[in-house]
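**Student:** So that you have it, the file is entry_10.pdb, and it contains PDB, C-alpha atoms and all ligand atoms:
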```
ATOM      1  CA  MET A1459     159.406  80.458 105.151
ATOM      2  CA  ILE A1460     158.612  82.559 102.065
ATOM      3  CA  GLN A1461     160.617  85.771 101.934
ATOM      4  CA  LYS A1462     159.855  88.734  99.723
ATOM      5  CA  ASN A1463     162.449  90.822  97.950
ATOM      6  CA  VAL A1464     162.971  93.836 100.179
ATOM      7  CA  ILE A1465     162.165  96.338  97.420
ATOM      8  CA  ASP A1466     158.863  94.533  96.819
ATOM      9  CA  LEU A1467     157.994  95.001 100.478
ATOM     10  CA  PHE A1468     157.896  98.769  99.901
ATOM     11  CA  ARG A1469     155.759  98.669  96.731
ATOM     12  CA  LEU A1470     152.187  99.941  97.020
ATOM     13  CA  THR A1471     151.031  98.432  93.744
ATOM     14  CA  ASP A1472     147.375  97.313  93.904
ATOM     15  CA  LYS A1473     146.684  99.529  96.916
ATOM     16  CA  THR A1474     144.263 102.437  97.178
ATOM     17  CA  ALA A1475     145.039 105.413  99.404
ATOM     18  CA  PHE A1476     143.102 108.295 100.956
ATOM     19  CA  ILE A1477     144.825 111.446 102.212
ATOM     20  CA  THR A1478     143.130 114.190 104.210
ATOM     21  CA  GLY A1479     144.376 117.726 103.651
ATOM     22  CA  GLY A1480     145.816 116.528 100.362
ATOM     23  CA  ALA A1481     145.249 119.686  98.343
ATOM     24  CA  LYS A1482     148.192 121.691  99.631
ATOM     25  CA  GLY A1483     151.310 121.793 101.796
ATOM     26  CA  LEU A1484     152.683 118.488 103.045
ATOM     27  CA  GLY A1485     149.589 116.722 101.727
ATOM     28  CA  THR A1486     150.831 117.230  98.161
ATOM     29  CA  ALA A1487     154.183 115.591  99.022
ATOM     30  CA  ILE A1488     152.292 112.684 100.623
ATOM     31  CA  ASN A1489     150.176 112.303  97.468
ATOM     32  CA  GLU A1490     153.344 112.150  95.375
ATOM     33  CA  ALA A1491     155.014 109.640  97.710
ATOM     34  CA  LEU A1492     152.129 107.199  97.495
ATOM     35  CA  LEU A1493     151.807 107.614  93.725
ATOM     36  CA  GLU A1494     155.548 107.153  93.177
ATOM     37  CA  ALA A1495     155.382 103.946  95.266
ATOM     38  CA  GLY A1496     152.706 102.643  92.918
ATOM     39  CA  VAL A1497     149.185 103.057  94.361
ATOM     40  CA  LYS A1498     146.599 102.195  91.733
ATOM     41  CA  LYS A1499     144.027 104.724  92.970
ATOM     42  CA  LEU A1500     144.350 107.842  95.112
ATOM     43  CA  PHE A1501     141.678 109.834  96.917
ATOM     44  CA  PHE A1502     142.319 113.039  98.776
ATOM     45  CA  CYS A1503     140.223 115.741 100.387
ATOM     46  CA  GLY A1504     140.505 119.375 101.398
ATOM     47  CA  ARG A1505     138.211 122.305 102.030
ATOM     48  CA  GLY A1506     138.982 123.311  98.463
ATOM     49  CA  ARG A1507     139.508 127.012  98.955
ATOM     50  CA  HIS A1508     140.518 128.863  95.768
ATOM     51  CA  GLY A1509     139.946 125.703  93.700
ATOM     52  CA  SER A1510     142.823 123.885  95.427
ATOM     53  CA  VAL A1511     141.249 120.412  95.166
ATOM     54  CA  ASP A1512     140.726 120.718  91.406
ATOM     55  CA  ALA A1513     144.191 122.233  90.951
ATOM     56  CA  GLU A1514     145.881 119.360  92.823
ATOM     57  CA  SER A1515     143.851 116.743  90.903
ATOM     58  CA  THR A1516     144.961 118.320  87.627
ATOM     59  CA  ARG A1517     148.597 118.542  88.749
ATOM     60  CA  LEU A1518     148.737 114.920  89.896
ATOM     61  CA  THR A1519     146.937 113.600  86.819
ATOM     62  CA  GLY A1520     149.553 115.353  84.687
ATOM     63  CA  LEU A1521     152.317 113.583  86.610
ATOM     64  CA  PHE A1522     150.605 110.181  86.894
ATOM     65  CA  PRO A1523     148.240 109.893  83.906
ATOM     66  CA  ASP A1524     147.641 106.152  84.365
ATOM     67  CA  VAL A1525     146.387 106.404  87.949
ATOM     68  CA  GLU A1526     142.836 107.275  88.947
ATOM     69  CA  ILE A1527     143.049 110.353  91.163
ATOM     70  CA  ILE A1528     139.928 111.716  92.817
ATOM     71  CA  GLY A1529     139.781 114.864  94.958
ATOM     72  CA  HIS A1530     136.849 115.587  97.266
ATOM     73  CA  GLN A1531     135.825 118.861  98.826
ATOM     74  CA  CYS A1532     135.160 118.240 102.519
ATOM     75  CA  ASP A1533     135.503 120.203 105.731
ATOM     76  CA  ILE A1534     136.447 117.592 108.317
ATOM     77  CA  ASN A1535     135.039 119.814 111.073
ATOM     78  CA  ASP A1536     131.604 118.893 109.777
ATOM     79  CA  GLU A1537     130.450 115.321 110.460
ATOM     80  CA  SER A1538     127.701 115.516 107.837
ATOM     81  CA  GLN A1539     130.227 116.508 105.137
ATOM     82  CA  ILE A1540     132.390 113.531 106.115
ATOM     83  CA  SER A1541     129.391 111.163 105.915
ATOM     84  CA  SER A1542     128.400 112.512 102.489
ATOM     85  CA  MET A1543     131.951 112.198 101.213
ATOM     86  CA  ILE A1544     132.280 108.607 102.466
ATOM     87  CA  GLU A1545     128.966 107.699 100.783
ATOM     88  CA  GLU A1546     130.276 109.164  97.528
ATOM     89  CA  VAL A1547     133.631 107.388  97.876
ATOM     90  CA  LYS A1548     131.728 104.107  98.336
ATOM     91  CA  THR A1549     130.326 104.591  94.843
ATOM     92  CA  GLN A1550     133.873 105.097  93.511
ATOM     93  CA  THR A1551     135.719 102.223  95.218
ATOM     94  CA  ASP A1552     135.223  99.317  97.578
ATOM     95  CA  GLN A1553     138.864  99.416  98.625
ATOM     96  CA  ILE A1554     140.895 101.811 100.782
ATOM     97  CA  ASP A1555     144.070 100.229 102.147
ATOM     98  CA  ILE A1556     145.927 103.333 103.306
ATOM     99  CA  LEU A1557     144.571 106.370 105.176
ATOM    100  CA  VAL A1558     146.873 109.302 105.907
ATOM    101  CA  ASN A1559     145.367 111.771 108.378
ATOM    102  CA  ASN A1560     147.320 114.855 107.379
ATOM    103  CA  ALA A1561     144.722 117.660 107.660
ATOM    104  CA  GLY A1562     145.538 119.975 110.522
ATOM    105  CA  VAL A1563     145.488 123.590 111.656
ATOM    106  CA  THR A1564     147.215 125.587 114.350
ATOM    107  CA  TRP A1565     146.748 128.824 116.264
ATOM    108  CA  ALA A1566     149.831 130.365 117.807
ATOM    109  CA  ALA A1567     149.374 132.744 120.738
ATOM    110  CA  PRO A1568     150.382 132.815 124.405
ATOM    111  CA  SER A1569     148.150 130.355 126.268
ATOM    112  CA  THR A1570     146.567 133.145 128.328
ATOM    113  CA  GLU A1571     145.362 134.748 125.090
ATOM    114  CA  GLN A1572     143.874 131.652 123.456
ATOM    115  CA  THR A1573     140.158 132.089 122.781
ATOM    116  CA  MET A1574     137.573 129.306 122.903
ATOM    117  CA  LYS A1575     136.999 129.891 119.186
ATOM    118  CA  SER A1576     140.643 129.177 118.313
ATOM    119  CA  TRP A1577     140.785 126.277 120.784
ATOM    120  CA  HIS A1578     137.708 124.584 119.271
ATOM    121  CA  ARG A1579     138.848 125.198 115.696
ATOM    122  CA  VAL A1580     142.133 123.396 116.357
ATOM    123  CA  ILE A1581     140.739 120.544 118.475
ATOM    124  CA  ASP A1582     137.755 120.000 116.159
ATOM    125  CA  THR A1583     140.007 119.677 113.107
ATOM    126  CA  ASN A1584     143.110 117.952 114.426
ATOM    127  CA  LEU A1585     141.467 115.539 116.856
ATOM    128  CA  THR A1586     137.719 115.214 116.299
ATOM    129  CA  GLY A1587     137.854 115.461 112.494
ATOM    130  CA  THR A1588     140.720 112.979 112.356
ATOM    131  CA  PHE A1589     138.799 110.543 114.535
ATOM    132  CA  LEU A1590     135.594 110.854 112.493
ATOM    133  CA  ILE A1591     137.342 110.217 109.169
ATOM    134  CA  THR A1592     139.283 107.317 110.664
ATOM    135  CA  ARG A1593     136.172 105.767 112.192
ATOM    136  CA  ASP A1594     134.267 105.905 108.918
ATOM    137  CA  VAL A1595     137.098 104.743 106.629
ATOM    138  CA  ALA A1596     137.950 101.870 108.962
ATOM    139  CA  ARG A1597     134.318 100.810 109.380
ATOM    140  CA  GLU A1598     133.424 100.990 105.690
ATOM    141  CA  PHE A1599     136.616  99.849 103.979
ATOM    142  CA  MET A1600     139.295  98.443 106.271
ATOM    143  CA  ILE A1601     137.640  96.329 108.950
ATOM    144  CA  PRO A1602     135.438  94.358 106.513
ATOM    145  CA  LYS A1603     138.335  93.259 104.293
ATOM    146  CA  THR A1604     140.841  91.970 106.914
ATOM    147  CA  GLN A1605     143.704  91.782 104.404
ATOM    148  CA  GLY A1606     145.908  94.399 105.974
ATOM    149  CA  SER A1607     145.410  98.169 106.061
ATOM    150  CA  SER A1608     147.483 101.058 107.333
ATOM    151  CA  ILE A1609     146.388 104.278 109.022
ATOM    152  CA  ILE A1610     149.011 106.978 109.464
ATOM    153  CA  ASN A1611     148.339 109.970 111.690
ATOM    154  CA  ILE A1612     150.436 113.084 111.162
ATOM    155  CA  SER A1613     151.076 114.393 114.640
ATOM    156  CA  SER A1614     153.955 116.738 115.507
ATOM    157  CA  LEU A1615     157.082 116.898 117.594
ATOM    158  CA  LEU A1616     155.006 119.231 119.768
ATOM    159  CA  ALA A1617     153.048 116.151 120.872
ATOM    160  CA  ILE A1618     156.003 115.303 123.096
ATOM    161  CA  GLN A1619     157.617 118.715 123.661
ATOM    162  CA  GLY A1620     156.502 122.150 124.737
ATOM    163  CA  ASN A1621     157.443 125.177 122.663
ATOM    164  CA  ALA A1622     158.294 128.421 124.439
ATOM    165  CA  GLU A1623     159.235 130.273 121.229
ATOM    166  CA  ALA A1624     155.846 129.978 119.499
ATOM    167  CA  PRO A1625     153.258 128.636 121.970
ATOM    168  CA  GLN A1626     150.261 126.817 120.409
ATOM    169  CA  VAL A1627     148.522 125.134 123.320
ATOM    170  CA  GLY A1628     145.496 123.781 121.428
ATOM    171  CA  TYR A1629     147.724 122.401 118.685
ATOM    172  CA  THR A1630     150.092 120.785 121.203
ATOM    173  CA  ALA A1631     147.165 119.231 123.101
ATOM    174  CA  SER A1632     145.500 117.964 119.915
ATOM    175  CA  LYS A1633     148.708 116.451 118.529
ATOM    176  CA  SER A1634     149.407 114.737 121.879
ATOM    177  CA  ALA A1635     145.883 113.337 121.828
ATOM    178  CA  LEU A1636     146.628 111.758 118.441
ATOM    179  CA  LEU A1637     149.205 109.556 120.185
ATOM    180  CA  GLY A1638     146.484 108.135 122.454
ATOM    181  CA  LEU A1639     144.139 107.745 119.499
ATOM    182  CA  THR A1640     146.870 105.876 117.614
ATOM    183  CA  ARG A1641     147.568 103.446 120.460
ATOM    184  CA  GLN A1642     143.901 102.759 121.216
ATOM    185  CA  LEU A1643     142.925 102.087 117.604
ATOM    186  CA  ALA A1644     146.067 100.025 116.985
ATOM    187  CA  VAL A1645     145.176  97.667 119.813
ATOM    188  CA  GLU A1646     141.451  97.628 119.082
ATOM    189  CA  TRP A1647     141.763  97.011 115.335
ATOM    190  CA  ALA A1648     144.785  94.707 115.242
ATOM    191  CA  ILE A1649     142.383  91.780 115.068
ATOM    192  CA  HIS A1650     141.179  93.193 111.731
ATOM    193  CA  LYS A1651     144.786  93.597 110.482
ATOM    194  CA  VAL A1652     144.412  97.380 110.561
ATOM    195  CA  ARG A1653     147.691  98.961 111.655
ATOM    196  CA  VAL A1654     147.718 102.474 113.121
ATOM    197  CA  ASN A1655     150.899 104.507 113.504
ATOM    198  CA  CYS A1656     151.902 108.097 113.963
ATOM    199  CA  ILE A1657     154.574 110.415 112.532
ATOM    200  CA  LEU A1658     155.901 113.324 114.601
ATOM    201  CA  PRO A1659     157.692 115.798 112.314
ATOM    202  CA  SER A1660     159.471 118.834 113.691
ATOM    203  CA  PHE A1661     159.806 121.851 111.395
ATOM    204  CA  VAL A1662     159.293 121.139 107.702
ATOM    205  CA  GLU A1663     161.077 123.609 105.441
ATOM    206  CA  GLY A1664     159.697 125.179 102.291
ATOM    207  CA  LEU A1665     156.023 125.403 103.227
ATOM    208  CA  ASP A1666     153.822 128.499 103.492
ATOM    209  CA  SER A1667     152.640 127.291 106.903
ATOM    210  CA  MET A1668     156.242 127.364 108.191
ATOM    211  CA  ALA A1669     157.024 130.842 106.910
ATOM    212  CA  LYS A1670     154.705 132.129 109.659
ATOM    213  CA  MET A1671     156.314 129.888 112.271
ATOM    214  CA  PHE A1672     159.760 131.271 111.534
ATOM    215  CA  THR A1673     158.730 134.744 112.706
ATOM    216  CA  VAL A1674     157.468 135.410 116.231
ATOM    217  CA  ASN A1675     156.311 138.894 117.250
ATOM    218  CA  GLY A1676     158.043 140.267 114.161
ATOM    219  CA  SER A1677     161.406 138.676 115.057
ATOM    220  CA  PRO A1678     162.955 135.957 112.871
ATOM    221  CA  ILE A1679     163.562 132.727 114.839
ATOM    222  CA  ARG A1680     164.602 130.452 111.955
ATOM    223  CA  GLN A1681     168.301 130.422 112.875
ATOM    224  CA  THR A1682     167.520 129.929 116.590
ATOM    225  CA  LEU A1683     165.464 126.844 115.716
ATOM    226  CA  LEU A1684     168.085 125.546 113.278
ATOM    227  CA  ASP A1685     170.845 125.866 115.873
ATOM    228  CA  MET A1686     168.890 123.530 118.169
ATOM    229  CA  ILE A1687     168.774 120.600 115.688
ATOM    230  CA  PRO A1688     171.633 118.045 115.917
ATOM    231  CA  LEU A1689     171.455 117.183 112.185
ATOM    232  CA  SER A1690     171.594 120.951 111.414
ATOM    233  CA  ARG A1691     168.711 121.063 108.966
ATOM    234  CA  PHE A1692     164.931 121.204 108.959
ATOM    235  CA  VAL A1693     162.724 118.324 107.790
ATOM    236  CA  GLN A1694     162.565 118.120 103.992
ATOM    237  CA  PRO A1695     159.428 116.783 102.256
ATOM    238  CA  ASP A1696     161.492 113.762 101.052
ATOM    239  CA  ASP A1697     162.134 112.780 104.691
ATOM    240  CA  LEU A1698     158.410 112.578 105.264
ATOM    241  CA  LYS A1699     157.725 110.793 101.957
ATOM    242  CA  ALA A1700     160.097 107.969 102.926
ATOM    243  CA  VAL A1701     158.479 107.393 106.328
ATOM    244  CA  ILE A1702     154.996 107.533 104.817
ATOM    245  CA  CYS A1703     155.880 104.796 102.300
ATOM    246  CA  PHE A1704     157.474 102.662 105.009
ATOM    247  CA  LEU A1705     154.396 102.847 107.266
ATOM    248  CA  ALA A1706     151.950 102.469 104.356
ATOM    249  CA  SER A1707     153.640  99.381 102.939
ATOM    250  CA  ASP A1708     154.166  95.760 103.940
ATOM    251  CA  ALA A1709     157.705  96.775 104.952
ATOM    252  CA  SER A1710     156.177  97.767 108.311
ATOM    253  CA  SER A1711     153.612  94.961 108.548
ATOM    254  CA  TYR A1712     154.657  94.069 112.133
ATOM    255  CA  ILE A1713     154.605  97.667 113.376
ATOM    256  CA  THR A1714     151.481  99.150 114.933
ATOM    257  CA  GLY A1715     150.676 101.662 117.669
ATOM    258  CA  GLN A1716     154.059 103.343 117.225
ATOM    259  CA  GLU A1717     155.406 106.853 116.837
ATOM    260  CA  ILE A1718     158.188 107.784 114.422
ATOM    261  CA  VAL A1719     159.815 111.049 115.429
ATOM    262  CA  LEU A1720     161.174 112.946 112.407
ATOM    263  CA  ASP A1721     163.219 115.662 114.056
ATOM    264  CA  GLY A1722     166.927 115.367 113.193
ATOM    265  CA  GLY A1723     167.685 114.344 116.781
ATOM    266  CA  LEU A1724     166.107 117.396 118.421
ATOM    267  CA  SER A1725     164.008 115.469 120.953
ATOM    268  CA  VAL A1726     166.906 113.357 122.235
ATOM    269  CA  LYS A1727     169.350 116.242 122.653
ATOM    270  CA  GLY A1728     170.194 116.941 126.263
TER     271      GLY A1728
HETATM  272  N1  LIG B   1     154.674 122.158 108.421
HETATM  273  C1  LIG B   1     155.301 121.598 109.448
HETATM  274  O1  LIG B   1     156.456 121.917 109.755
HETATM  275  C2  LIG B   1     154.634 120.555 110.271
HETATM  276  C3  LIG B   1     155.320 120.009 111.356
HETATM  277  C4  LIG B   1     154.707 119.028 112.118
HETATM  278  C5  LIG B   1     153.449 118.584 111.781
HETATM  279  N2  LIG B   1     152.806 119.140 110.731
HETATM  280  C6  LIG B   1     151.454 118.649 110.413
HETATM  281  O2  LIG B   1     151.405 118.256 109.057
HETATM  282  C7  LIG B   1     150.095 118.446 108.543
HETATM  283  C8  LIG B   1     150.170 119.285 107.275
HETATM  284  O3  LIG B   1     150.747 120.530 107.601
HETATM  285  P1  LIG B   1     151.147 121.634 106.512
HETATM  286  O4  LIG B   1     152.349 122.273 107.012
HETATM  287  O5  LIG B   1     151.117 121.059 105.152
HETATM  288  O6  LIG B   1     149.948 122.664 106.713
HETATM  289  P2  LIG B   1     149.037 123.427 105.670
HETATM  290  O7  LIG B   1     149.790 123.820 104.458
HETATM  291  O8  LIG B   1     148.327 124.487 106.438
HETATM  292  O9  LIG B   1     148.012 122.311 105.243
HETATM  293  C9  LIG B   1     147.049 121.853 106.127
HETATM  294  C10 LIG B   1     146.129 120.926 105.375
HETATM  295  O10 LIG B   1     145.024 120.602 106.224
HETATM  296  C11 LIG B   1     143.831 120.821 105.509
HETATM  297  N3  LIG B   1     142.772 121.212 106.401
HETATM  298  C12 LIG B   1     142.826 122.128 107.398
HETATM  299  N4  LIG B   1     141.624 122.222 107.987
HETATM  300  C13 LIG B   1     140.809 121.358 107.344
HETATM  301  C14 LIG B   1     139.454 120.997 107.496
HETATM  302  N5  LIG B   1     138.683 121.542 108.438
HETATM  303  N6  LIG B   1     138.934 120.081 106.651
HETATM  304  C15 LIG B   1     139.700 119.513 105.696
HETATM  305  N7  LIG B   1     140.994 119.796 105.513
HETATM  306  C16 LIG B   1     141.531 120.712 106.326
HETATM  307  C17 LIG B   1     144.163 121.921 104.524
HETATM  308  O11 LIG B   1     143.320 121.812 103.421
HETATM  309  P3  LIG B   1     142.460 123.020 102.816
HETATM  310  O12 LIG B   1     143.155 124.307 103.136
HETATM  311  O13 LIG B   1     142.321 122.672 101.384
HETATM  312  O14 LIG B   1     141.193 122.881 103.519
HETATM  313  C18 LIG B   1     145.584 121.588 104.129
HETATM  314  O15 LIG B   1     145.612 120.651 103.080
HETATM  315  C19 LIG B   1     149.284 119.095 109.649
HETATM  316  O16 LIG B   1     148.572 118.112 110.356
HETATM  317  C20 LIG B   1     150.361 119.689 110.544
HETATM  318  O17 LIG B   1     149.931 119.838 111.870
HETATM  319  C21 LIG B   1     153.355 120.114 109.958
END
```
Starting from the file, give its structure as structure tokens.
Ligand SMILES: NC(=O)c1ccc[n+]([C@@H]2O[C@H](COP(=O)([O-])OP(=O)(O)OC[C@H]3O[C@@H](n4cnc5c(N)ncnc54)[C@H](OP(=O)(O)O)[C@@H]3O)[C@@H](O)[C@H]2O)c1

**Tutor:**
Amino acid sequence: MIQKNVIDLFRLTDKTAFITGGAKGLGTAINEALLEAGVKKLFFCGRGRHGSVDAESTRLTGLFPDVEIIGHQCDINDESQISSMIEEVKTQTDQIDILVNNAGVTWAAPSTEQTMKSWHRVIDTNLTGTFLITRDVAREFMIPKTQGSSIINISSLLAIQGNAEAPQVGYTASKSALLGLTRQLAVEWAIHKVRVNCILPSFVEGLDSMAKMFTVNGSPIRQTLLDMIPLSRFVQPDDLKAVICFLASDASSYITGQEIVLDGGLSVKG
């Protein structure tokens, strides 16, 4: 039996990655994680508001000048934009080994006040958009090569827990649906050596998106949330980076269809 050095199992050298929602927030930490672990080429996409795609490309190229980094502007709510982007990516590479489905939106309001517009916006992005990107990347790049690929869906702790403090019913439903998507695709595509797994983070600290979450109806709830977490801290971007590299790399080559809960013990607390 040939065994690899354990550090080599985590290296992403010679791999190409694609990250959705890579122009801001957690997506930028995911970009850095994959680049630090050695990917030779990195694609990411975002809607590109305020020049965010160009700004992130420039930032990453400054940090990793030897790696080819390509940002695409794409609204994943729009199937035709996804198709056009995939056609363009096909002219730029014939290899995508890692797909991280990070793009996501939420809409917090009591469930009785959720509008169809907010419901559709969240479901169309978090579930339908994620499926469409996954379908196209798998069909065009991963299934044909059969040498081992990894798809990582960023779900949420809310996929397995309700939230009375800041209800977001569409978000919770969409993130739960990603668990079913993960299991189905893992089983269906295992024959092609495409692994599909899911990460369920709780509250990540230091992001603009969380600043809103820490205030409900004008009242700060940060300390209330913190007091609930057994490890007494929120998720840090480094926590997510480590799990991303584990699931992206050969270190997890026998793991598919699984969920990794990144919550400091919150979900198992009685
Ligand atoms: N922050 C947390 O504590 C936390 C906890 C659990 C799970 N998550 C999940 O982690 C992921 C990232 O969250 P975040 O906190 O970094 O949020 P964020 O700062 O709001 O970033 C969301 C990302 O999704 C992209 N996006 C949204 N709608 C899109 C669309 N229609 N087409 C293409 N891209 C779209 C955004 O890109 P553009 O704005 O450039 O379009 C942005 O890059 C989300 O899936 C979120 O649900 C976050």

**Student:** At what distance in Å, to one decimal, does atom CA of A:Gln1553 lie from atom CA of A:Gln1539?

**Tutor:** 20.2 Å

**Student:** Taking all atoms listed in the file into account, which of A:Asp1708, A:Glu1623, A:Asp1533, A:Asp1696 comes nearest ligand LIG 1 (chain B)?

**Tutor:**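 Selected residue with least distance to ligand LIG 1 (chain B): A:Asp1533.
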
**Student:** Could you write out as a PyMOL selection string the residues that the PyMOL selection byres (((chain A and resi 1584) around 10) and not hetatm) matches in the shown file?

**Tutor:** chain A and resi 1534-1535+1559-1564+1578-1583+1585-1589+1611-1613+1628-1629+1631-1633+1635-1636

**Student:** With distances taken over only C-alpha atoms, which residue among A:Ile1713, A:Met1543, A:Ile1679, A:Val1511 lies nearest A:Gly1606?

**Tutor:**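 Closest candidate: A:Ile1713.
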
**Student:** Which residue out of A:Arg1507, A:Thr1551, A:Met1600, A:Glu1717 has the minimum interatomic distance to A:Arg1641 when all atoms listed in the file are used?

**Tutor:** A:Glu1717

**Student:** Can you pull out the residues contacting A:Ala1648? Cut-off 10 Å, using only C-alpha atoms, and skip same-chain residues under 3 positions away; I want them as a ChimeraX atom specification.

**Tutor:** /A:1601,1604,1606-1607,1643-1645,1651-1654,1714-1715
